[in-house]
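Chemist: final18.txt is the file, holding compact mmCIF, C-alpha atoms:
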```
# COMPACT_ATOMS: atom_id res chain seq x y z
CA MET A 1 168.25 -210.85 105.23
CA SER A 2 166.65 -210.22 101.87
CA ASN A 3 167.38 -207.13 99.83
CA ILE A 4 164.09 -206.15 98.13
CA SER A 5 164.31 -203.54 95.41
CA LEU A 6 161.24 -202.06 93.74
CA PRO A 7 161.78 -201.94 89.98
CA LYS A 8 161.53 -198.71 88.05
CA VAL A 9 158.03 -197.52 87.18
CA THR A 10 158.37 -195.70 83.87
CA ILE A 11 156.29 -192.67 82.86
CA ARG A 12 154.61 -193.48 79.54
CA SER A 13 152.25 -190.55 79.01
CA ILE A 14 150.47 -187.70 80.76
CA ALA A 15 146.82 -186.87 80.07
CA VAL A 16 145.12 -183.55 80.80
CA ALA A 17 141.38 -183.24 81.40
CA PRO A 18 140.06 -179.67 81.78
CA LEU A 19 137.03 -179.32 84.04
CA PHE A 20 134.16 -177.07 83.01
CA GLY A 21 130.39 -176.92 83.06
CA GLU A 22 129.94 -176.23 86.77
CA SER A 23 132.99 -174.17 87.68
CA PRO A 24 132.25 -172.59 91.06
CA LYS A 25 131.95 -168.83 91.30
CA GLY A 26 135.10 -167.19 92.62
CA GLY A 27 133.77 -163.78 93.56
CA TRP A 28 136.22 -162.25 91.08
CA SER A 29 135.62 -158.91 89.37
CA ALA A 30 135.65 -160.78 86.06
CA GLU A 31 133.48 -163.60 87.39
CA ILE A 32 134.16 -167.22 86.52
CA LYS A 33 131.53 -168.61 84.17
CA PRO A 34 130.39 -172.24 84.44
CA GLU A 35 131.92 -173.03 81.06
CA ASP A 36 135.32 -171.61 82.05
CA SER A 37 138.15 -174.00 82.79
CA VAL A 38 139.96 -172.89 85.94
CA HIS A 39 140.89 -176.41 87.08
CA ALA A 40 142.31 -179.38 85.21
CA LEU A 41 142.98 -182.95 86.25
CA ILE A 42 146.14 -184.79 85.28
CA ALA A 43 146.79 -188.51 84.89
CA VAL A 44 150.32 -189.87 84.76
CA HIS A 45 150.28 -193.27 83.03
CA THR A 46 153.15 -195.72 83.37
CA GLU A 47 154.44 -198.64 81.32
CA GLU A 48 153.64 -200.90 84.27
CA GLY A 49 149.96 -199.96 84.22
CA ILE A 50 149.91 -197.87 87.41
CA THR A 51 148.19 -194.49 87.00
CA GLY A 52 148.46 -191.52 89.33
CA HIS A 53 146.16 -188.51 89.43
CA GLY A 54 146.79 -184.84 90.17
CA SER A 55 145.05 -181.48 90.01
CA VAL A 56 146.09 -178.10 88.58
CA PHE A 57 144.57 -174.70 89.34
CA THR A 58 144.93 -173.34 85.79
CA ASP A 59 143.01 -173.24 82.52
CA GLY A 60 143.25 -176.70 80.96
CA ARG A 61 144.57 -175.30 77.67
CA LEU A 62 147.61 -173.90 79.46
CA VAL A 63 148.12 -177.17 81.34
CA GLN A 64 148.06 -179.15 78.09
CA ALA A 65 150.58 -176.79 76.50
CA ALA A 66 152.87 -177.08 79.52
CA VAL A 67 152.70 -180.89 79.53
CA ASP A 68 153.59 -180.89 75.82
CA VAL A 69 156.53 -178.51 76.31
CA LEU A 70 157.85 -180.56 79.24
CA GLU A 71 157.46 -183.94 77.51
CA PRO A 72 161.16 -184.47 76.69
CA LEU A 73 161.93 -184.04 80.41
CA TRP A 74 159.30 -186.42 81.84
CA ARG A 75 158.93 -189.15 79.22
CA GLY A 76 160.70 -192.33 80.35
CA GLU A 77 161.38 -190.99 83.85
CA ASN A 78 160.98 -193.02 87.04
CA ALA A 79 157.56 -192.27 88.53
CA LEU A 80 158.76 -193.55 91.93
CA GLU A 81 160.94 -190.47 92.43
CA PRO A 82 158.53 -187.51 92.56
CA GLU A 83 160.84 -184.95 94.18
CA ARG A 84 163.74 -185.61 91.84
CA VAL A 85 161.59 -185.73 88.72
CA THR A 86 159.63 -182.56 89.43
CA GLU A 87 162.74 -180.67 90.49
CA LYS A 88 164.22 -181.69 87.13
CA LEU A 89 161.17 -180.16 85.45
CA HIS A 90 161.55 -176.94 87.45
CA GLN A 91 165.30 -176.62 86.92
CA ASN A 92 165.13 -177.13 83.17
CA SER A 93 162.23 -174.81 82.44
CA PHE A 94 162.89 -171.72 84.59
CA TRP A 95 163.85 -169.63 81.57
CA MET A 96 160.34 -170.09 80.13
CA GLY A 97 158.75 -168.36 83.12
CA ARG A 98 159.37 -169.72 86.58
CA GLY A 99 156.21 -169.56 88.66
CA GLY A 100 153.65 -169.41 85.86
CA SER A 101 151.57 -172.04 84.10
CA LEU A 102 154.55 -174.38 83.78
CA THR A 103 154.93 -174.42 87.56
CA HIS A 104 151.20 -174.95 88.00
CA ALA A 105 151.26 -177.90 85.60
CA ILE A 106 154.29 -179.40 87.35
CA SER A 107 152.23 -179.23 90.55
CA GLY A 108 149.68 -181.63 89.11
CA ILE A 109 152.38 -183.96 87.81
CA ASP A 110 154.04 -184.03 91.22
CA ILE A 111 150.76 -184.87 92.99
CA ALA A 112 150.18 -187.69 90.51
CA LEU A 113 153.70 -189.07 91.04
CA TRP A 114 153.15 -189.21 94.81
CA ASP A 115 149.89 -191.05 94.09
CA ILE A 116 151.85 -193.59 92.00
CA LEU A 117 154.52 -193.98 94.66
CA GLY A 118 151.89 -194.69 97.30
CA LYS A 119 150.05 -197.17 95.10
CA SER A 120 153.32 -198.93 94.22
CA LEU A 121 154.33 -199.29 97.88
CA GLY A 122 150.84 -199.96 99.23
CA GLN A 123 151.05 -196.93 101.52
CA PRO A 124 149.08 -193.68 101.90
CA VAL A 125 150.95 -190.59 100.74
CA GLY A 126 150.86 -189.05 104.23
CA ARG A 127 152.92 -191.90 105.65
CA LEU A 128 155.45 -191.60 102.84
CA LEU A 129 155.79 -187.90 103.65
CA GLY A 130 156.99 -188.85 107.13
CA GLY A 131 153.64 -188.87 108.99
CA THR A 132 151.32 -189.50 110.48
CA TYR A 133 150.66 -186.94 113.18
CA ARG A 134 146.87 -187.30 112.87
CA ASP A 135 144.27 -189.38 111.08
CA ARG A 136 141.60 -186.69 110.80
CA VAL A 137 141.51 -182.92 110.44
CA THR A 138 138.98 -180.08 110.55
CA PRO A 139 137.84 -178.80 107.15
CA TYR A 140 136.77 -175.20 106.94
CA CYS A 141 133.99 -174.59 104.46
CA SER A 142 135.05 -171.91 102.01
CA LEU A 143 132.12 -169.72 100.90
CA LEU A 144 131.58 -166.47 99.06
CA MET A 145 130.35 -163.36 100.82
CA GLU A 146 126.96 -162.03 99.86
CA GLU A 147 124.79 -159.18 101.05
CA PRO A 148 124.20 -159.46 104.83
CA GLU A 149 120.63 -160.71 104.50
CA ARG A 150 121.84 -163.64 102.38
CA MET A 151 124.70 -164.90 104.57
CA ALA A 152 122.42 -167.19 106.62
CA ASP A 153 121.32 -168.92 103.41
CA VAL A 154 124.95 -169.27 102.32
CA ILE A 155 126.24 -170.78 105.57
CA GLY A 156 123.16 -172.63 106.82
CA PRO A 157 123.21 -175.71 104.54
CA HIS A 158 126.88 -176.36 105.26
CA ARG A 159 126.42 -175.93 108.97
CA ALA A 160 123.61 -178.48 108.72
CA ARG A 161 126.01 -180.84 106.94
CA GLY A 162 128.27 -180.73 109.97
CA PHE A 163 130.89 -178.07 109.26
CA LYS A 164 132.17 -176.31 112.36
CA ALA A 165 134.57 -173.92 110.63
CA PHE A 166 133.83 -171.43 107.84
CA LYS A 167 135.69 -168.96 105.68
CA ILE A 168 133.82 -166.17 103.92
CA GLY A 169 135.50 -164.21 101.17
CA TRP A 170 135.42 -161.93 98.16
CA GLY A 171 131.99 -160.74 96.98
CA PRO A 172 131.06 -157.17 98.02
CA PHE A 173 133.45 -157.08 101.00
CA GLY A 174 135.86 -154.14 100.66
CA ARG A 175 134.58 -153.38 97.18
CA ARG A 176 131.79 -150.90 97.99
CA ASP A 177 133.75 -148.40 100.12
CA SER A 178 131.33 -149.07 102.95
CA THR A 179 132.74 -150.08 106.30
CA LYS A 180 129.18 -150.47 107.57
CA LEU A 181 128.44 -153.03 104.85
CA ASP A 182 131.69 -154.88 105.55
CA GLU A 183 130.84 -155.18 109.22
CA ALA A 184 127.22 -156.15 108.53
CA ILE A 185 128.41 -159.04 106.35
CA VAL A 186 130.75 -160.33 109.03
CA ARG A 187 128.12 -159.90 111.75
CA ALA A 188 125.59 -161.88 109.70
CA ALA A 189 128.13 -164.61 109.02
CA ARG A 190 129.01 -164.93 112.69
CA GLU A 191 125.33 -165.17 113.62
CA ALA A 192 124.74 -167.83 110.97
CA ALA A 193 127.82 -169.86 111.89
CA GLY A 194 127.12 -169.71 115.61
CA PRO A 195 129.29 -168.53 118.48
CA ASP A 196 131.26 -171.77 118.76
CA ALA A 197 132.23 -172.10 115.09
CA GLN A 198 135.59 -170.99 113.77
CA LEU A 199 135.21 -168.08 111.34
CA PHE A 200 137.80 -166.70 108.94
CA VAL A 201 137.57 -163.72 106.58
CA ASP A 202 139.20 -163.48 103.14
CA ALA A 203 139.22 -160.02 101.56
CA GLY A 204 140.48 -161.45 98.27
CA ALA A 205 142.87 -158.59 97.52
CA SER A 206 144.49 -160.62 94.73
CA ASP A 207 141.40 -159.71 92.70
CA ALA A 208 141.88 -157.42 89.72
CA TYR A 209 142.21 -153.73 90.66
CA TRP A 210 141.74 -154.25 94.40
CA PRO A 211 140.69 -150.78 95.61
CA GLN A 212 141.75 -150.79 99.29
CA GLY A 213 145.04 -150.07 100.99
CA LEU A 214 146.82 -150.39 104.31
CA LYS A 215 144.60 -148.06 106.34
CA TRP A 216 141.47 -149.94 105.29
CA ALA A 217 143.14 -153.20 106.27
CA LEU A 218 144.22 -151.83 109.66
CA ASN A 219 140.72 -150.57 110.46
CA THR A 220 139.06 -153.73 109.20
CA ALA A 221 141.34 -155.93 111.31
CA GLN A 222 140.18 -154.06 114.41
CA MET A 223 136.55 -154.69 113.43
CA LEU A 224 137.16 -158.40 112.82
CA ARG A 225 138.48 -158.84 116.36
CA ASP A 226 134.98 -158.03 117.68
CA TYR A 227 133.57 -161.06 115.84
CA ASP A 228 136.24 -163.54 116.98
CA VAL A 229 137.65 -163.97 113.47
CA GLY A 230 140.49 -166.48 113.36
CA TRP A 231 142.46 -164.85 110.54
CA PHE A 232 142.28 -162.05 108.00
CA GLU A 233 143.30 -163.40 104.59
CA GLU A 234 144.66 -161.46 101.62
CA PRO A 235 143.83 -158.02 103.07
CA LEU A 236 146.37 -156.28 100.79
CA ARG A 237 147.51 -156.69 97.20
CA PRO A 238 149.73 -159.76 96.85
CA ASP A 239 152.95 -157.80 96.22
CA ALA A 240 152.57 -155.39 99.16
CA LEU A 241 155.28 -157.01 101.27
CA GLU A 242 156.00 -153.92 103.39
CA GLY A 243 152.30 -153.32 103.92
CA PHE A 244 151.83 -156.89 105.12
CA ARG A 245 154.73 -156.48 107.55
CA THR A 246 153.18 -153.31 108.99
CA LEU A 247 149.72 -154.83 109.15
CA ARG A 248 150.88 -158.01 110.82
CA ARG A 249 152.60 -156.06 113.62
CA ALA A 250 149.52 -153.92 114.28
CA SER A 251 146.64 -156.33 113.65
CA PRO A 252 144.83 -157.89 116.61
CA VAL A 253 143.87 -160.88 114.41
CA PRO A 254 146.33 -163.17 112.58
CA ILE A 255 147.21 -162.22 109.00
CA ALA A 256 147.18 -164.92 106.32
CA GLY A 257 148.22 -165.06 102.68
CA GLY A 258 150.48 -166.54 100.03
CA GLU A 259 148.08 -168.30 97.66
CA VAL A 260 149.40 -166.51 94.56
CA LEU A 261 153.07 -167.25 95.32
CA THR A 262 154.70 -170.21 93.59
CA ARG A 263 157.84 -172.22 94.38
CA ARG A 264 159.54 -172.11 97.73
CA GLN A 265 161.98 -169.34 96.85
CA SER A 266 159.23 -166.72 96.56
CA PHE A 267 158.04 -167.45 100.12
CA VAL A 268 161.38 -166.74 101.80
CA PRO A 269 161.04 -162.92 102.16
CA TRP A 270 157.48 -163.31 103.46
CA LEU A 271 158.53 -165.78 106.11
CA SER A 272 161.85 -164.27 107.08
CA THR A 273 160.67 -160.66 107.46
CA GLY A 274 157.52 -161.31 109.49
CA ALA A 275 154.88 -160.50 106.88
CA LEU A 276 152.46 -163.29 107.76
CA ASP A 277 151.12 -165.21 110.73
CA ILE A 278 149.70 -167.99 108.54
CA VAL A 279 151.18 -169.05 105.20
CA GLN A 280 148.84 -170.47 102.54
CA PRO A 281 150.53 -172.03 99.52
CA ASP A 282 148.26 -173.91 97.10
CA VAL A 283 149.44 -177.46 96.35
CA THR A 284 147.91 -177.31 92.86
CA LYS A 285 149.91 -174.20 91.93
CA VAL A 286 153.02 -173.94 94.08
CA GLY A 287 154.86 -176.98 92.73
CA GLY A 288 152.92 -179.90 94.15
CA ILE A 289 153.23 -181.92 97.32
CA SER A 290 157.03 -181.90 97.15
CA GLU A 291 157.20 -178.11 97.16
CA GLN A 292 154.28 -177.62 99.57
CA ARG A 293 155.96 -179.79 102.19
CA ARG A 294 159.20 -177.82 101.99
CA ILE A 295 157.37 -174.51 102.37
CA ALA A 296 155.34 -175.83 105.30
CA TRP A 297 158.42 -177.03 107.15
CA LEU A 298 160.19 -173.72 106.43
CA ALA A 299 157.21 -171.86 107.88
CA ASP A 300 157.39 -174.09 110.96
CA ASP A 301 161.08 -173.23 111.38
CA PHE A 302 160.07 -169.55 111.48
CA GLY A 303 157.31 -170.29 113.98
CA LEU A 304 154.48 -169.60 111.54
CA ARG A 305 151.33 -171.63 110.93
CA TYR A 306 150.81 -173.47 107.68
CA VAL A 307 147.27 -173.91 106.34
CA GLY A 308 147.19 -174.84 102.67
CA HIS A 309 145.06 -172.84 100.26
CA GLY A 310 142.68 -175.44 98.82
CA TRP A 311 140.24 -173.78 96.45
CA ASN A 312 140.51 -176.61 93.93
CA THR A 313 139.24 -180.20 93.40
CA ALA A 314 138.81 -183.51 95.19
CA LEU A 315 142.38 -184.44 94.24
CA GLY A 316 143.72 -181.16 95.61
CA LEU A 317 141.78 -181.76 98.81
CA ALA A 318 143.20 -185.28 99.04
CA ALA A 319 146.73 -183.90 98.70
CA ASP A 320 146.01 -181.35 101.44
CA LEU A 321 144.66 -184.09 103.71
CA HIS A 322 147.84 -186.13 103.38
CA LEU A 323 149.99 -183.07 104.02
CA ALA A 324 147.90 -182.41 107.14
CA ALA A 325 148.68 -185.95 108.28
CA ALA A 326 152.41 -185.45 107.86
CA LEU A 327 152.89 -181.99 109.40
CA PRO A 328 152.95 -181.46 113.16
CA HIS A 329 150.82 -178.33 113.48
CA CYS A 330 148.39 -178.47 110.53
CA ASP A 331 144.88 -178.63 111.99
CA LEU A 332 142.79 -177.26 109.08
CA VAL A 333 142.16 -177.90 105.39
CA GLU A 334 140.13 -175.78 102.98
CA PHE A 335 136.95 -177.30 101.50
CA ILE A 336 135.00 -175.43 98.80
CA GLY A 337 131.36 -175.41 99.80
CA GLY A 338 129.09 -176.85 97.13
CA SER A 339 131.68 -177.38 94.37
CA ALA A 340 130.82 -180.14 91.91
CA TYR A 341 134.56 -180.69 91.41
CA VAL A 342 134.97 -181.85 95.02
CA ASP A 343 132.14 -184.22 95.90
CA GLY A 344 130.84 -184.57 92.35
CA ILE A 345 133.78 -186.42 90.74
CA VAL A 346 134.60 -189.10 93.32
CA ALA A 347 133.12 -192.54 93.89
CA GLU A 348 132.75 -191.85 97.60
CA PRO A 349 131.88 -188.30 98.76
CA PHE A 350 133.72 -186.73 101.65
CA ILE A 351 131.83 -187.26 104.90
CA LEU A 352 132.30 -185.27 108.10
CA ASP A 353 132.22 -187.10 111.42
CA ASP A 354 130.23 -186.00 114.46
CA GLU A 355 132.95 -183.51 115.42
CA GLY A 356 133.02 -181.88 112.00
CA LYS A 357 136.29 -183.52 110.95
CA LEU A 358 137.39 -185.35 107.81
CA HIS A 359 139.22 -188.64 108.07
CA ILE A 360 142.47 -188.67 106.14
CA PRO A 361 142.44 -191.48 103.54
CA ASP A 362 144.49 -194.48 104.64
CA ARG A 363 144.38 -196.38 101.35
CA PRO A 364 147.46 -196.48 99.06
CA GLY A 365 148.37 -193.29 97.25
CA LEU A 366 146.01 -190.35 97.59
CA GLY A 367 143.37 -192.86 98.67
CA ILE A 368 140.41 -191.55 96.67
CA HIS A 369 138.79 -192.94 93.53
CA LEU A 370 137.57 -190.80 90.65
CA ASP A 371 134.18 -191.68 89.16
CA PRO A 372 134.45 -191.98 85.32
CA GLU A 373 130.72 -191.52 84.75
CA ALA A 374 130.54 -188.45 86.96
CA LEU A 375 133.60 -186.94 85.27
CA ALA A 376 131.93 -187.27 81.87
CA ARG A 377 129.70 -184.36 82.92
CA PHE A 378 132.67 -182.03 83.38
CA THR A 379 135.29 -182.94 80.77
CA HIS A 380 135.37 -184.11 77.15
CA THR A 381 138.21 -186.55 77.87
CA PRO A 382 137.31 -188.58 80.99
CA ALA A 383 138.60 -191.88 79.55
CA SER A 384 142.11 -190.42 79.17
CA LEU A 385 142.36 -190.18 82.98
CA PHE A 386 142.06 -193.94 83.39
CA ALA A 387 143.92 -195.46 80.42
CA PRO A 388 146.57 -194.14 78.03
CA THR A 389 145.40 -193.27 74.55
```
Kindly present the structure from the file in C-alpha cells form.

Modeler:
Amino acid sequence: MSNISLPKVTIRSIAVAPLFGESPKGGWSAEIKPEDSVHALIAVHTEEGITGHGSVFTDGRLVQAAVDVLEPLWRGENALEPERVTEKLHQNSFWMGRGGSLTHAISGIDIALWDILGKSLGQPVGRLLGGTYRDRVTPYCSLLMEEPERMADVIGPHRARGFKAFKIGWGPFGRRDSTKLDEAIVRAAREAAGPDAQLFVDAGASDAYWPQGLKWALNTAQMLRDYDVGWFEEPLRPDALEGFRTLRRASPVPIAGGEVLTRRQSFVPWLSTGALDIVQPDVTKVGGISEQRRIAWLADDFGLRYVGHGWNTALGLAADLHLAAALPHCDLVEFIGGSAYVDGIVAEPFILDDEGKLHIPDRPGLGIHLDPEALARFTHTPASLFAPT
C-alpha cells in the first residue's frame, strides 16, 4: 500500500473585485443604482499557483477592508483546510462585530478555499461535501414584483427560457396598504407563470421601515393559498421571532426566511422554536459553504426544509448548486432573472434542460470558469482575480 499525502497549498494573497455597472434592482426602498457595489468577487491565490474564487454579498469597499484586517490570520495558511481556516477567522475576529461585513467577507474566502480544495483533488465541491444526492436541481427564477399589468412581461421571457419555478418579491407588494393590489399582483403572476409552475412570494420585510405587521401577514397568507403559492418569504421584520412563530402555526402556506441571519448560532432559536418551515441562509453572507452546510444539516435535524438564499453571482449560484448536490432534501436553488453578474461573467452560461433543471457542475472545484473579458465590464480589477499582483 502507498501512503499518498497532498502537500500544503499555501495562501499567498487575496484579491477583491467589486462588481458595479449593472447591479440588478433589488426592489429596496433606497433602490440599488447600477453603479452601486452590492456584490464583490474574491480570489484566493496560493504559492503553488492554484487560485480559488468566491463571492460576497457586500459592498466591495467593506470586503477589501475586511480582507486587509484579517490578513495576519489567513496569510500563509493551508488552503486545503477551508473549515479550519475560516473558523479561525471567525473565532479571532468576533470582537470586531460577529455577523457583519467581516463574516460576509469570510464567506467569500471560504467558498474560494473549497474551490481550491476541489481543484487540488480533482473533485467537484459537492462530492467533497459528502454528496452526491443529485446531479441536477430546479432553479427558481427570482424576479421583482411590478404593477399587475406588467407581471406578464416580467415573467414571460424567463418562462420562454425554460424556467418552471418563479419567485416574485419586493416592489409595491405590501407597501401601498392595498390588499386588492397585493392580490392582483399575485393573480397576474400566477397567470403568467401558468398553473403547473411553482410560484413563491417574497414580501421583502427586511426592507427599510417595513410598514406591515402580523395581522397583514396572517391575512396575506390566507390569500396566497388561493394561488397555490409554495412559500411566503420574509413576511415580517427579520427580528420578529415571536411573530414568525405565531404566523407559522396559523399560515396555510409554508413560511420562509433567514437571509439576513449570519453564522449558525443565530439560526438556533429560529429552528428550535418553530419559527420557520423553510430556512434560507445565504452562502455569500452566512459564513460560506462550511457554515451553510452546518445550518442546512441542523435544519434537517429539526425536520425543516433548507433552500439557500441566492440573490448573488455566478459563483454564489455555483456554491448553491454544489450544496444542493450534497444535501438529501434540497430540490431548489435561487437564480436571479436577468442579472449580468450571473450569466454575464462566465465563459459558459447556465443552461436549463428540457425539464427546467440545471445540471450541477462535475468539474473540479466549483466547476465554472470566469470570463476575464466579460468581467472587465463590471470591475476595475479583473486581472487580480486570475493572477496575484

Chemist: Would you compute the distance between CA of Gly316 (chain A) and CA of Ser55 (chain A)? Give it in Å to one decimal.

Modeler: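 Spanning CA of Gly316 (chain A) to CA of Ser55 (chain A) is a straight-line distance of 5.8 Å.
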
Chemist: So which residues touch Tyr209 (chain A) within 10 Å, counting only C-alpha atoms, skipping near sequence neighbours fewer than 4 positions away, as a ChimeraX atom specification?

Modeler: /A:29,205,237

Chemist: Any chance you can output those residues with C-alpha atoms as a CSV table (one decimal), in the coordinates of the input?

Modeler:
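Once everything was written out, this is part13.csv:
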```csv
chain,number,residue,atom,x,y,z
A,29,SER,CA,135.6,-158.9,89.4
A,205,ALA,CA,142.9,-158.6,97.5
A,237,ARG,CA,147.5,-156.7,97.2
```

Chemist: Considering only C-alpha atoms, can you say which of A:Leu121, A:Ala105, A:Leu144, A:Ala296 comes closest to Pro364 (chain A)?

Modeler: A:Leu121

Chemist: What is the distance, in Å and to one decimal place, between CA of Ala340 (chain A) and CA of Gln64 (chain A)?

Modeler: 22.1 Å

Chemist: Which residue gives the smallest distance to Ile111 (chain A) among A:His322, A:Lys164, A:Arg150, A:Lys357, with all atoms listed in the file counted?

Modeler: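 Answer, going by the shortest atom-to-atom distance: A:His322.
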
Chemist: For region 181-191 of chain A, work out the shell of residues within 12 Å, counting only C-alpha atoms and skipping chain neighbours fewer than 3 positions away, then give it as a PyMOL selection string.

Modeler: chain A and resi 143-156+159+164-178+194-203+216-217+219-230+232

Chemist: Which residue gives the smallest distance to Gly26 (chain A) among A:Gly287, A:Asp354, A:Ala318, A:Ser206, with only C-alpha atoms counted?

Modeler: A:Ser206

Chemist: Can you sort out the box for region 145-149 of chain A, edges along x, y and z, all listed atoms in, 6 Å on every side, with centre and edge lengths in Å to one decimal, as AutoDock Vina command-line options?

Modeler:
```
--center_x 125.5 --center_y -161.3 --center_z 102.3 --size_x 21.7 --size_y 16.2 --size_z 17.0
```

Chemist: Between CA of Gly337 (chain A) and CA of Arg161 (chain A), measure the distance and give it in Å to one decimal.

Modeler: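 Result for CA of Gly337 (chain A) versus CA of Arg161 (chain A): 10.4 Å, one decimal.
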
Chemist: Looking at all atoms listed in the file, which of A:Pro139, A:Pro382, A:Pro211, A:Pro388 is the one that sits closest to Leu41 (chain A)?

Modeler: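 Checking each candidate against Leu41 (chain A), we get A:Pro382 as the closest.
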
Chemist: Give the answer as one residue: which of A:Ser251, A:Asn78, A:Ser266, A:Ser5 has the shortest atom-to-atom distance to Trp114 (chain A), using all atoms listed in the file?

Modeler: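 Counting all atoms listed in the file, the residue closest to Trp114 (chain A) is A:Asn78.
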
Chemist: Check the smallest atom-to-atom distance from each of A:Arg61, A:His359, A:His53, A:Lys215 to Thr284 (chain A) using all atoms listed in the file, then report the winner.

Modeler: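 Checking each of A:Arg61, A:His359, A:His53, A:Lys215 against Thr284 (chain A), counting all atoms listed in the file, the winner is A:His53.
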
Chemist: Give me, as a Markdown table, each residue of region 238-331 of chain A that comes within 12 Å of region 132-136 of chain A, together with its shortest interatomic pair and the distance in Å at one decimal, counting only C-alpha atoms, with rows ordered by chain and rising residue number.

Modeler:
```
| residue | atom | partner | partner_atom | distance |
| --- | --- | --- | --- | --- |
| A:Ala318 | CA | A:Arg136 | CA | 12.0 |
| A:Asp320 | CA | A:Arg136 | CA | 11.6 |
| A:Leu321 | CA | A:Arg136 | CA | 8.1 |
| A:His322 | CA | A:Thr132 | CA | 8.6 |
| A:Leu323 | CA | A:Thr132 | CA | 9.2 |
| A:Ala324 | CA | A:Arg134 | CA | 7.6 |
| A:Ala325 | CA | A:Thr132 | CA | 4.9 |
| A:Ala326 | CA | A:Thr132 | CA | 4.9 |
| A:Leu327 | CA | A:Tyr133 | CA | 6.6 |
| A:Pro328 | CA | A:Tyr133 | CA | 5.9 |
| A:His329 | CA | A:Tyr133 | CA | 8.6 |
| A:Cys330 | CA | A:Tyr133 | CA | 9.2 |
| A:Asp331 | CA | A:Arg136 | CA | 8.8 |
```

Chemist: Need the shell around Ala65 (chain A): protein/DNA/RNA residues with any atom at most 10 Å away, counting only C-alpha atoms. Skip same-chain ones fewer than 5 positions apart. Format as a list in words?

Modeler: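 Everything that qualifies: Val16, Gly60, Leu70, Glu71, Ser101, Leu102 and Ala105 of chain A.
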
Chemist: Around (158.8, -182.3, 97.7) in the file's own coordinates, what residues are found within 12 Å if you use all atoms listed in the file, given back as a PyMOL selection string?

Modeler: chain A and resi 81-88+90+106-107+109-111+113-114+125+128-130+263-264+283+286-297+323

Chemist: Near Leu218 (chain A), counting all atoms listed in the file, which residues have an atom at most 12 Å away, once you skip same-chain residues fewer than 5 positions from it, shown as an NGL selection string?

Modeler: :A and (212-213 or 223-225 or 232 or 235-236 or 243-255)
